[in-house]
Structures are given as structure tokens and as C-alpha cells.
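The file upload34.cif comes next; it holds mmCIF, C-alpha atoms.
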data_target
#
loop_
_atom_site.group_PDB
_atom_site.id
_atom_site.type_symbol
_atom_site.label_atom_id
_atom_site.label_comp_id
_atom_site.auth_asym_id
_atom_site.auth_seq_id
_atom_site.Cartn_x
_atom_site.Cartn_y
_atom_site.Cartn_z
ATOM 1 C CA MET T 1 129.780 -39.475 84.499
ATOM 2 C CA ALA T 2 128.349 -36.173 85.730
ATOM 3 C CA ARG T 3 130.319 -33.066 84.963
ATOM 4 C CA GLU T 4 131.320 -30.928 87.922
ATOM 5 C CA GLN T 5 129.609 -27.529 87.882
ATOM 6 C CA PHE T 6 130.769 -24.359 89.554
ATOM 7 C CA GLU T 7 129.944 -20.695 89.359
ATOM 8 C CA VAL T 8 132.498 -18.140 88.201
ATOM 9 C CA ILE T 9 132.055 -14.498 89.136
ATOM 10 C CA VAL T 10 133.865 -12.058 86.865
ATOM 11 C CA PRO T 11 134.443 -8.638 88.428
ATOM 12 C CA THR T 12 132.513 -5.826 86.788
ATOM 13 C CA GLU T 13 133.528 -2.954 89.043
ATOM 14 C CA TRP T 14 136.934 -1.680 90.066
ATOM 15 C CA LYS T 15 135.860 -1.598 93.710
ATOM 16 C CA ASP T 16 136.126 -5.403 93.605
ATOM 17 C CA ILE T 17 139.845 -5.306 92.697
ATOM 18 C CA THR T 18 142.568 -4.283 95.142
ATOM 19 C CA ILE T 19 145.780 -2.479 94.282
ATOM 20 C CA ALA T 20 147.734 -5.675 95.054
ATOM 21 C CA GLU T 21 145.573 -7.680 92.632
ATOM 22 C CA TYR T 22 145.990 -5.053 89.941
ATOM 23 C CA GLN T 23 149.759 -4.968 90.446
ATOM 24 C CA ARG T 24 149.843 -8.770 90.207
ATOM 25 C CA TYR T 25 147.706 -8.609 87.053
ATOM 26 C CA LEU T 26 150.215 -6.234 85.441
ATOM 27 C CA GLN T 27 153.055 -8.653 86.207
ATOM 28 C CA ILE T 28 151.122 -11.600 84.775
ATOM 29 C CA ALA T 29 149.996 -9.652 81.689
ATOM 30 C CA LYS T 30 153.619 -8.793 80.832
ATOM 31 C CA SER T 31 154.690 -12.417 80.956
ATOM 32 C CA ASN T 32 154.742 -14.776 78.006
ATOM 33 C CA ARG T 33 153.845 -17.852 80.032
ATOM 34 C CA ARG T 34 151.408 -20.366 78.595
ATOM 35 C CA THR T 35 149.521 -20.204 81.873
ATOM 36 C CA ARG T 36 148.937 -16.440 81.697
ATOM 37 C CA ASP T 37 145.182 -16.670 80.997
ATOM 38 C CA ASN T 38 144.685 -19.193 83.796
ATOM 39 C CA GLU T 39 146.598 -16.991 86.230
ATOM 40 C CA ILE T 40 144.539 -13.932 85.309
ATOM 41 C CA ILE T 41 141.243 -15.824 85.634
ATOM 42 C CA SER T 42 142.372 -17.298 88.945
ATOM 43 C CA LEU T 43 143.421 -13.866 90.235
ATOM 44 C CA PHE T 44 140.317 -11.874 89.283
ATOM 45 C CA CYS T 45 137.669 -14.582 89.652
ATOM 46 C CA LYS T 46 139.233 -16.114 92.773
ATOM 47 C CA ILE T 47 139.258 -19.637 91.336
ATOM 48 C CA ASP T 48 141.790 -22.307 92.238
ATOM 49 C CA LYS T 49 144.119 -23.018 89.297
ATOM 50 C CA GLU T 50 143.460 -26.755 89.596
ATOM 51 C CA LEU T 51 139.738 -26.142 89.144
ATOM 52 C CA LEU T 52 140.476 -24.096 86.024
ATOM 53 C CA LYS T 53 141.987 -27.165 84.385
ATOM 54 C CA LYS T 54 138.499 -28.672 84.356
ATOM 55 C CA LEU T 55 137.049 -25.692 82.493
ATOM 56 C CA LYS T 56 136.026 -26.099 78.860
ATOM 57 C CA LEU T 57 138.242 -24.193 76.450
ATOM 58 C CA LYS T 58 135.311 -22.181 75.061
ATOM 59 C CA ASP T 59 134.243 -21.194 78.592
ATOM 60 C CA LYS T 60 137.801 -20.139 79.387
ATOM 61 C CA LYS T 61 137.863 -17.936 76.276
ATOM 62 C CA VAL T 62 134.586 -16.312 77.348
ATOM 63 C CA LEU T 63 136.063 -15.556 80.780
ATOM 64 C CA VAL T 64 139.255 -14.115 79.295
ATOM 65 C CA ASN T 65 137.215 -11.884 76.960
ATOM 66 C CA LYS T 66 135.021 -10.651 79.837
ATOM 67 C CA ILE T 67 138.042 -9.896 82.000
ATOM 68 C CA ASN T 68 139.821 -8.095 79.150
ATOM 69 C CA LYS T 69 136.690 -6.053 78.448
ATOM 70 C CA PHE T 70 136.473 -5.125 82.131
ATOM 71 C CA VAL T 71 140.175 -4.216 82.474
ATOM 72 C CA ASN T 72 140.085 -2.092 79.316
ATOM 73 C CA SER T 73 136.829 -0.312 80.189
ATOM 74 C CA LYS T 74 136.906 3.384 80.983
ATOM 75 C CA ASN T 75 136.436 4.304 84.596
ATOM 76 C CA GLU T 76 135.743 8.013 84.639
ATOM 77 C CA THR T 77 134.683 8.843 88.153
ATOM 78 C CA SER T 78 134.809 11.848 90.367
ATOM 79 C CA LEU T 79 137.433 11.971 93.068
ATOM 80 C CA GLU T 80 136.573 9.970 96.161
ATOM 81 C CA LYS T 81 137.523 12.625 98.705
ATOM 82 C CA ARG T 82 136.488 10.610 101.753
ATOM 83 C CA ILE T 83 136.618 6.852 102.020
ATOM 84 C CA LYS T 84 136.105 4.204 104.631
ATOM 85 C CA PHE T 85 138.987 1.738 104.560
ATOM 86 C CA ASN T 86 140.067 -0.894 107.070
ATOM 87 C CA GLY T 87 137.453 0.335 109.535
ATOM 88 C CA LYS T 88 138.797 3.912 109.528
ATOM 89 C CA LYS T 89 137.873 7.124 107.721
ATOM 90 C CA TYR T 90 140.445 8.463 105.283
ATOM 91 C CA GLY T 91 140.511 11.646 103.263
ATOM 92 C CA PHE T 92 142.290 12.827 100.152
ATOM 93 C CA ILE T 93 144.722 15.675 100.885
ATOM 94 C CA PRO T 94 142.162 18.471 101.330
ATOM 95 C CA ASN T 95 144.252 21.294 99.880
ATOM 96 C CA LEU T 96 146.906 20.376 97.302
ATOM 97 C CA SER T 97 148.264 23.926 97.296
ATOM 98 C CA LYS T 98 149.382 23.296 100.890
ATOM 99 C CA ILE T 99 151.136 19.985 100.177
ATOM 100 C CA THR T 100 154.283 19.564 102.253
ATOM 101 C CA THR T 101 157.748 19.097 100.814
ATOM 102 C CA GLY T 102 157.854 15.560 102.209
ATOM 103 C CA GLU T 103 154.559 14.636 100.534
ATOM 104 C CA PHE T 104 155.671 16.137 97.232
ATOM 105 C CA VAL T 105 159.106 14.503 97.267
ATOM 106 C CA ASP T 106 157.663 11.070 98.085
ATOM 107 C CA ILE T 107 154.934 11.299 95.422
ATOM 108 C CA GLU T 108 157.565 12.410 92.897
ATOM 109 C CA GLU T 109 159.837 9.488 93.824
ATOM 110 C CA TYR T 110 157.017 6.915 93.816
ATOM 111 C CA GLY T 111 155.816 8.324 90.488
ATOM 112 C CA LYS T 112 158.969 7.041 88.793
ATOM 113 C CA ASP T 113 157.340 3.591 88.760
ATOM 114 C CA ILE T 114 153.654 4.303 89.261
ATOM 115 C CA ASN T 115 152.290 0.777 88.880
ATOM 116 C CA LYS T 116 154.779 -0.704 91.328
ATOM 117 C CA ASN T 117 154.180 2.115 93.817
ATOM 118 C CA LEU T 118 150.418 2.699 93.564
ATOM 119 C CA HIS T 119 149.883 1.712 97.189
ATOM 120 C CA ARG T 120 152.668 4.027 98.321
ATOM 121 C CA ILE T 121 151.243 6.959 96.353
ATOM 122 C CA MET T 122 147.789 6.312 97.801
ATOM 123 C CA SER T 123 149.252 6.209 101.330
ATOM 124 C CA VAL T 124 150.494 9.765 100.793
ATOM 125 C CA LEU T 125 147.326 11.073 99.124
ATOM 126 C CA TYR T 126 144.858 9.414 101.524
ATOM 127 C CA ARG T 127 145.407 9.670 105.246
ATOM 128 C CA GLU T 128 143.276 9.129 108.278
ATOM 129 C CA ILE T 129 140.840 11.965 108.971
ATOM 130 C CA ASP T 130 141.443 13.553 112.353
ATOM 131 C CA LYS T 131 138.907 16.432 112.304
ATOM 132 C CA THR T 132 135.659 17.141 110.492
ATOM 133 C CA SER T 133 133.347 20.133 110.349
ATOM 134 C CA GLY T 134 130.428 19.715 107.972
ATOM 135 C CA LYS T 135 131.869 19.068 104.520
ATOM 136 C CA LEU T 136 135.366 20.102 105.609
ATOM 137 C CA TYR T 137 137.944 17.750 107.066
ATOM 138 C CA ASN T 138 141.607 17.576 108.050
ATOM 139 C CA VAL T 139 143.873 14.583 107.635
ATOM 140 C CA LYS T 140 146.645 13.547 109.969
ATOM 141 C CA SER T 141 150.020 15.123 109.292
ATOM 142 C CA TYR T 142 152.253 13.263 106.888
ATOM 143 C CA ASP T 143 154.777 11.076 108.658
ATOM 144 C CA PRO T 144 156.083 8.299 106.394
ATOM 145 C CA ASP T 145 157.443 6.422 109.419
ATOM 146 C CA GLU T 146 153.956 6.088 110.919
ATOM 147 C CA ILE T 147 152.048 5.133 107.773
ATOM 148 C CA GLU T 148 151.454 1.441 107.245
ATOM 149 C CA ILE T 149 152.115 1.556 103.520
ATOM 150 C CA ASP T 150 151.470 -2.130 102.794
ATOM 151 C CA LYS T 151 147.890 -1.965 104.083
ATOM 152 C CA PHE T 152 147.133 0.279 101.101
ATOM 153 C CA LYS T 153 147.698 -2.725 98.831
ATOM 154 C CA LYS T 154 144.159 -3.697 99.882
ATOM 155 C CA LEU T 155 142.712 -0.338 98.795
ATOM 156 C CA PRO T 156 140.097 -0.776 96.054
ATOM 157 C CA MET T 157 141.205 0.235 92.587
ATOM 158 C CA SER T 158 138.049 2.367 92.251
ATOM 159 C CA THR T 159 139.525 4.807 94.778
ATOM 160 C CA THR T 160 142.929 4.660 93.116
ATOM 161 C CA LEU T 161 141.476 5.274 89.655
ATOM 162 C CA SER T 162 139.405 8.186 90.953
ATOM 163 C CA ALA T 163 142.629 9.860 92.156
ATOM 164 C CA ILE T 164 144.463 9.105 88.901
ATOM 165 C CA ASP T 165 141.509 10.469 86.914
ATOM 166 C CA PHE T 166 141.481 13.604 89.098
ATOM 167 C CA PHE T 167 145.137 14.333 88.320
ATOM 168 C CA PHE T 168 144.660 13.542 84.627
ATOM 169 C CA ARG T 169 141.733 15.972 84.381
ATOM 170 C CA LEU T 170 143.619 18.591 86.386
ATOM 171 C CA GLY T 171 146.618 18.283 84.053
ATOM 172 C CA THR T 172 144.373 18.539 80.994
ATOM 173 C CA ARG T 173 142.652 21.664 82.342
ATOM 174 C CA LEU T 174 145.959 23.282 83.232
ATOM 175 C CA LEU T 175 147.301 22.632 79.721
ATOM 176 C CA GLU T 176 144.138 24.117 78.194
ATOM 177 C CA ASP T 177 144.406 27.196 80.430
ATOM 178 C CA LEU T 178 148.097 27.591 79.587
ATOM 179 C CA ASN T 179 147.327 27.315 75.881
ATOM 180 C CA ASN T 180 144.501 29.871 76.129
ATOM 181 C CA TYR T 181 146.707 32.261 78.086
ATOM 182 C CA SER T 182 149.546 31.860 75.586
ATOM 183 C CA MET T 183 147.181 32.632 72.713
ATOM 184 C CA GLU T 184 146.004 35.801 74.518
ATOM 185 C CA VAL T 185 149.597 36.938 75.084
ATOM 186 C CA VAL T 186 150.461 36.368 71.417
ATOM 187 C CA LYS T 187 147.343 38.282 70.345
ATOM 188 C CA MET T 188 148.147 41.185 72.711
ATOM 189 C CA ASN T 189 151.743 41.344 71.442
ATOM 190 C CA GLN T 190 150.557 41.396 67.826
ATOM 191 C CA GLU T 191 148.134 44.229 68.590
ATOM 192 C CA LYS T 192 150.926 46.279 70.174
ATOM 193 C CA LYS T 193 153.160 46.104 67.089
ATOM 194 C CA PRO T 194 152.946 49.221 64.867
#
Take the structure in the file and write it out as C-alpha cells.
Amino acid sequence: MAREQFEVIVPTEWKDITIAEYQRYLQIAKSNRRTRDNEIISLFCKIDKELLKKLKLKDKKVLVNKINKFVNSKNETSLEKRIKFNGKKYGFIPNLSKITTGEFVDIEEYGKDINKNLHRIMSVLYREIDKTSGKLYNVKSYDPDEIEIDKFKKLPMSTTLSAIDFFFRLGTRLLEDLNNYSMEVVKMNQEKKP
């Protein structure tokens, strides 16, 4: 009897994974179900679970290892300021120092459960571009009632991770600058003492 053959494509780039898939992965990964590996393979490799039952155990282990290696790989990228998504052009908030109270409050609230709210956070940070001039651009004003939040579940994780990495690096730089400034103040105060 001939063995059925099929090709399995394991994602190697975060652009191939959507926010919704990543959120689902996090739910599956937390579970203790016996079927966890099959669900993860099915999710990322887009394979029917019934077909997975025909997979050799050693091949399944190889797939799980490749997926784990991919998920745990570092993804240091520069911020994707402009993206094309759902046939439209979107831009990251061009000037964070001019963020509105509504944007800030919503990001703060969504940040209480980041993984669950990734798509919501991205819908605040990335909005449709309404004007461009060379390298400069403006995004539409923030109106949470007009934003179709759920469509951001289809946003590639590469874009999401670029934004997360941007804020991580920004936070790191700000801490370094604060530390350097604090050291200068301490040094100046010590020099002033008689």
C-alpha cells in the first residue's frame, strides 16, 4: 500500500503569521491538552488536523522543533512606519509627542492585556494615511468608533513586532539617558560640597 505524501510548509518569517494566529497560538501553548502539538502544527502550517494523524511521529517532532525554533527566534527589525494592509496605506503615528488623550488612554487600557489586545493596540498605532509629502505623512484622526478593530487581527506579526521592538528600544534608551543624567547630577552635587 502506497503511503500518502504531502508537503508541509513551516513559516520562517513573522510576516506569514497574523495577529489572530499568534493570539490563538498563545492560547494553545498555555493549554495542557494532549493535542497541543497537533493544534500548533495545524495552525501555523495550515494543515487539516485529520491529515496530521497520518504523520509519522518523528516527522511531527521535527515540525514541532522547527515551529518552536521559529517562534523563539529574535525578530529585531526597524519600525515599519508605512505599511500596505487590506489594500490601503497605513502609517504609524508620525509624532508620538503629539499623541491625543484618547489614543493614550486606549493604548494604556489595551496594554493591561497586551497579547489579547494586540490588534486593538495596532489599530490605534497604525491608521490610514490621508496625506503625504515626500517622506512625511499624516494619518487620519483617531476615532475609535470609526476604526474596524477586528480587521487588524489579520495584520502580519512582522509589523506588530516592529512596533513592539520600537517601544522596547525607546524604553531602553530612555532608561539609559535617565541613568546617565542621574549620575551627572550626583557628580555635580558631590563637587559642590565643601
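Distance-wise, atom CA of Met122 of chain T and atom CA of Ser31 of chain T end up 26.1 Å apart.
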So that all listed atoms of segment 109-116 of chain T fit with 6 Å spare on each side, what axis-aligned box centre and edge lengths in Å, to one decimal, would you give as JSON?
{"center_x": 156.1, "center_y": 4.4, "center_z": 91.3, "size_x": 19.5, "size_y": 22.2, "size_z": 17.1}
Practice task
Have a look at atom CA of Leu155 of chain T and atom CA of Asn86 of chain T and let me know their distance in Å, one decimal.
Solution key: 8.7 Å
Counting only C-alpha atoms, which residues in segment 108-169 of chain T sit no more than 8 Å from segment 93-103 of chain T? For each one, give the nearest pair of atoms and the distance in Å, sorted by chain then residue number, as CSV.
residue,atom,partner,partner_atom,distance
T:Val124,CA,T:Glu103,CA,6.3
T:Leu125,CA,T:Ile93,CA,5.6
T:Tyr126,CA,T:Ile93,CA,6.3
T:Arg127,CA,T:Ile93,CA,7.5
T:Tyr137,CA,T:Pro94,CA,7.2
T:Asn138,CA,T:Pro94,CA,6.8
T:Val139,CA,T:Ile93,CA,6.9
T:Tyr142,CA,T:Glu103,CA,6.9
Handout entry: Interatomic distance (Å, one decimal) between atom CA of Arg24 of chain T and atom CA of Lys88 of chain T
Key =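 Separating atom CA of Arg24 of chain T from atom CA of Lys88 of chain T is a distance of 25.6 Å.
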Handout entry: Among the residues T:Met157, T:Leu51, T:Ile17, T:Ala163, the one that comes closest to Phe92 of chain T [using only C-alpha atoms]
Key =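 Of T:Met157, T:Leu51, T:Ile17, T:Ala163, the one nearest Phe92 of chain T is T:Ala163, counting only C-alpha atoms.
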Exercise for the section: Can you pull out every residue within 10 Å of Phe152 of chain T, counting only C-alpha atoms, but drop anything in the same chain fewer than 2 positions away, and send it as an MDAnalysis selection string? Expected result: chainID T and resid 18:20 85:86 118:123 126 147:150 154:156
Problem - Contact residues around Asp37 of chain T with only C-alpha atoms at 9 Å, ignoring same-chain residues under 2 positions, as a ChimeraX atom specification - result: /T:28-29,33-35,39-42,60-61,64
Handout entry: Residue nearest Thr77 of chain T - candidates T:Asp48, T:Glu7, T:Glu184, T:Glu13, atoms counted: only C-alpha atoms
Key =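 Selected residue with least distance to Thr77 of chain T: T:Glu13.
Proximity to Leu55 of chain T was assessed for T:Glu4, T:Arg36, T:Lys89, T:Lys30 counting all atoms listed in the file; the smallest distance is recorded for T:Glu4.
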Exercise for the section: Counting all atoms listed in the file, find the residues whose atoms lie at most 6 Å from (139.3, 8.8, 104.2) (file coordinates) and write them out as a list of chain:residue names. Expected result: T:Arg82, T:Ile83, T:Lys84, T:Lys89, T:Tyr90, T:Gly91, T:Glu128, T:Ile129
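With only C-alpha atoms as the atoms that count, the minimum distance from Asp165 of chain T to the choices T:Gln5, T:Asn117, T:Gln190, T:Asn75 is reached by T:Asn75.
Using all atoms listed in the file for every distance, the candidate list T:Ile107, T:Glu146, T:Asp59, T:Leu161 yields T:Asp59 as the residue closest to Phe6 of chain T.
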Residue rebuild result segment 87-110 of chain T, N, CA and C atoms as a CSV table (one decimal), in the frame of the given file:
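For reference, out_38.csv as written:
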chain,number,residue,atom,x,y,z
T,87,GLY,N,138.2,-0.1,108.3
T,87,GLY,CA,137.5,0.3,109.5
T,87,GLY,C,137.7,1.8,110.0
T,88,LYS,N,138.5,2.5,109.2
T,88,LYS,CA,138.8,3.9,109.5
T,88,LYS,C,138.4,4.8,108.4
T,89,LYS,N,138.2,6.1,108.7
T,89,LYS,CA,137.9,7.1,107.7
T,89,LYS,C,139.1,7.8,107.2
T,90,TYR,N,139.3,7.8,105.9
T,90,TYR,CA,140.4,8.5,105.3
T,90,TYR,C,140.0,9.6,104.4
T,91,GLY,N,140.8,10.6,104.2
T,91,GLY,CA,140.5,11.6,103.3
T,91,GLY,C,141.7,11.9,102.3
T,92,PHE,N,141.3,12.4,101.1
T,92,PHE,CA,142.3,12.8,100.2
T,92,PHE,C,142.9,14.1,100.7
T,93,ILE,N,144.1,14.4,100.4
T,93,ILE,CA,144.7,15.7,100.9
T,93,ILE,C,143.7,16.8,100.5
T,94,PRO,N,143.2,17.5,101.6
T,94,PRO,CA,142.2,18.5,101.3
T,94,PRO,C,142.6,19.7,100.5
T,95,ASN,N,143.8,20.1,100.6
T,95,ASN,CA,144.3,21.3,99.9
T,95,ASN,C,145.6,21.0,99.3
T,96,LEU,N,145.6,20.7,98.0
T,96,LEU,CA,146.9,20.4,97.3
T,96,LEU,C,147.9,21.6,97.2
T,97,SER,N,147.4,22.8,97.3
T,97,SER,CA,148.3,23.9,97.3
T,97,SER,C,149.1,24.0,98.6
T,98,LYS,N,148.7,23.3,99.6
T,98,LYS,CA,149.4,23.3,100.9
T,98,LYS,C,150.1,22.0,101.1
T,99,ILE,N,150.4,21.3,100.1
T,99,ILE,CA,151.1,20.0,100.2
T,99,ILE,C,152.5,20.3,100.8
T,100,THR,N,153.0,19.4,101.6
T,100,THR,CA,154.3,19.6,102.3
T,100,THR,C,155.4,19.1,101.3
T,101,THR,N,156.6,19.5,101.6
T,101,THR,CA,157.7,19.1,100.8
T,101,THR,C,157.9,17.6,100.9
T,102,GLY,N,157.7,17.0,102.1
T,102,GLY,CA,157.9,15.6,102.2
T,102,GLY,C,156.8,14.8,101.4
T,103,GLU,N,155.6,15.3,101.4
T,103,GLU,CA,154.6,14.6,100.5
T,103,GLU,C,154.9,14.7,99.1
T,104,PHE,N,155.3,15.9,98.6
T,104,PHE,CA,155.7,16.1,97.2
T,104,PHE,C,156.9,15.3,96.8
T,105,VAL,N,157.9,15.3,97.6
T,105,VAL,CA,159.1,14.5,97.3
T,105,VAL,C,158.8,13.0,97.2
T,106,ASP,N,158.0,12.5,98.1
T,106,ASP,CA,157.7,11.1,98.1
T,106,ASP,C,156.8,10.7,96.9
T,107,ILE,N,155.8,11.6,96.6
T,107,ILE,CA,154.9,11.3,95.4
T,107,ILE,C,155.8,11.3,94.2
T,108,GLU,N,156.7,12.3,94.1
T,108,GLU,CA,157.6,12.4,92.9
T,108,GLU,C,158.4,11.1,92.8
T,109,GLU,N,159.0,10.7,93.8
T,109,GLU,CA,159.8,9.5,93.8
T,109,GLU,C,159.0,8.3,93.5
T,110,TYR,N,157.9,8.1,94.1
T,110,TYR,CA,157.0,6.9,93.8
T,110,TYR,C,156.5,7.0,92.4
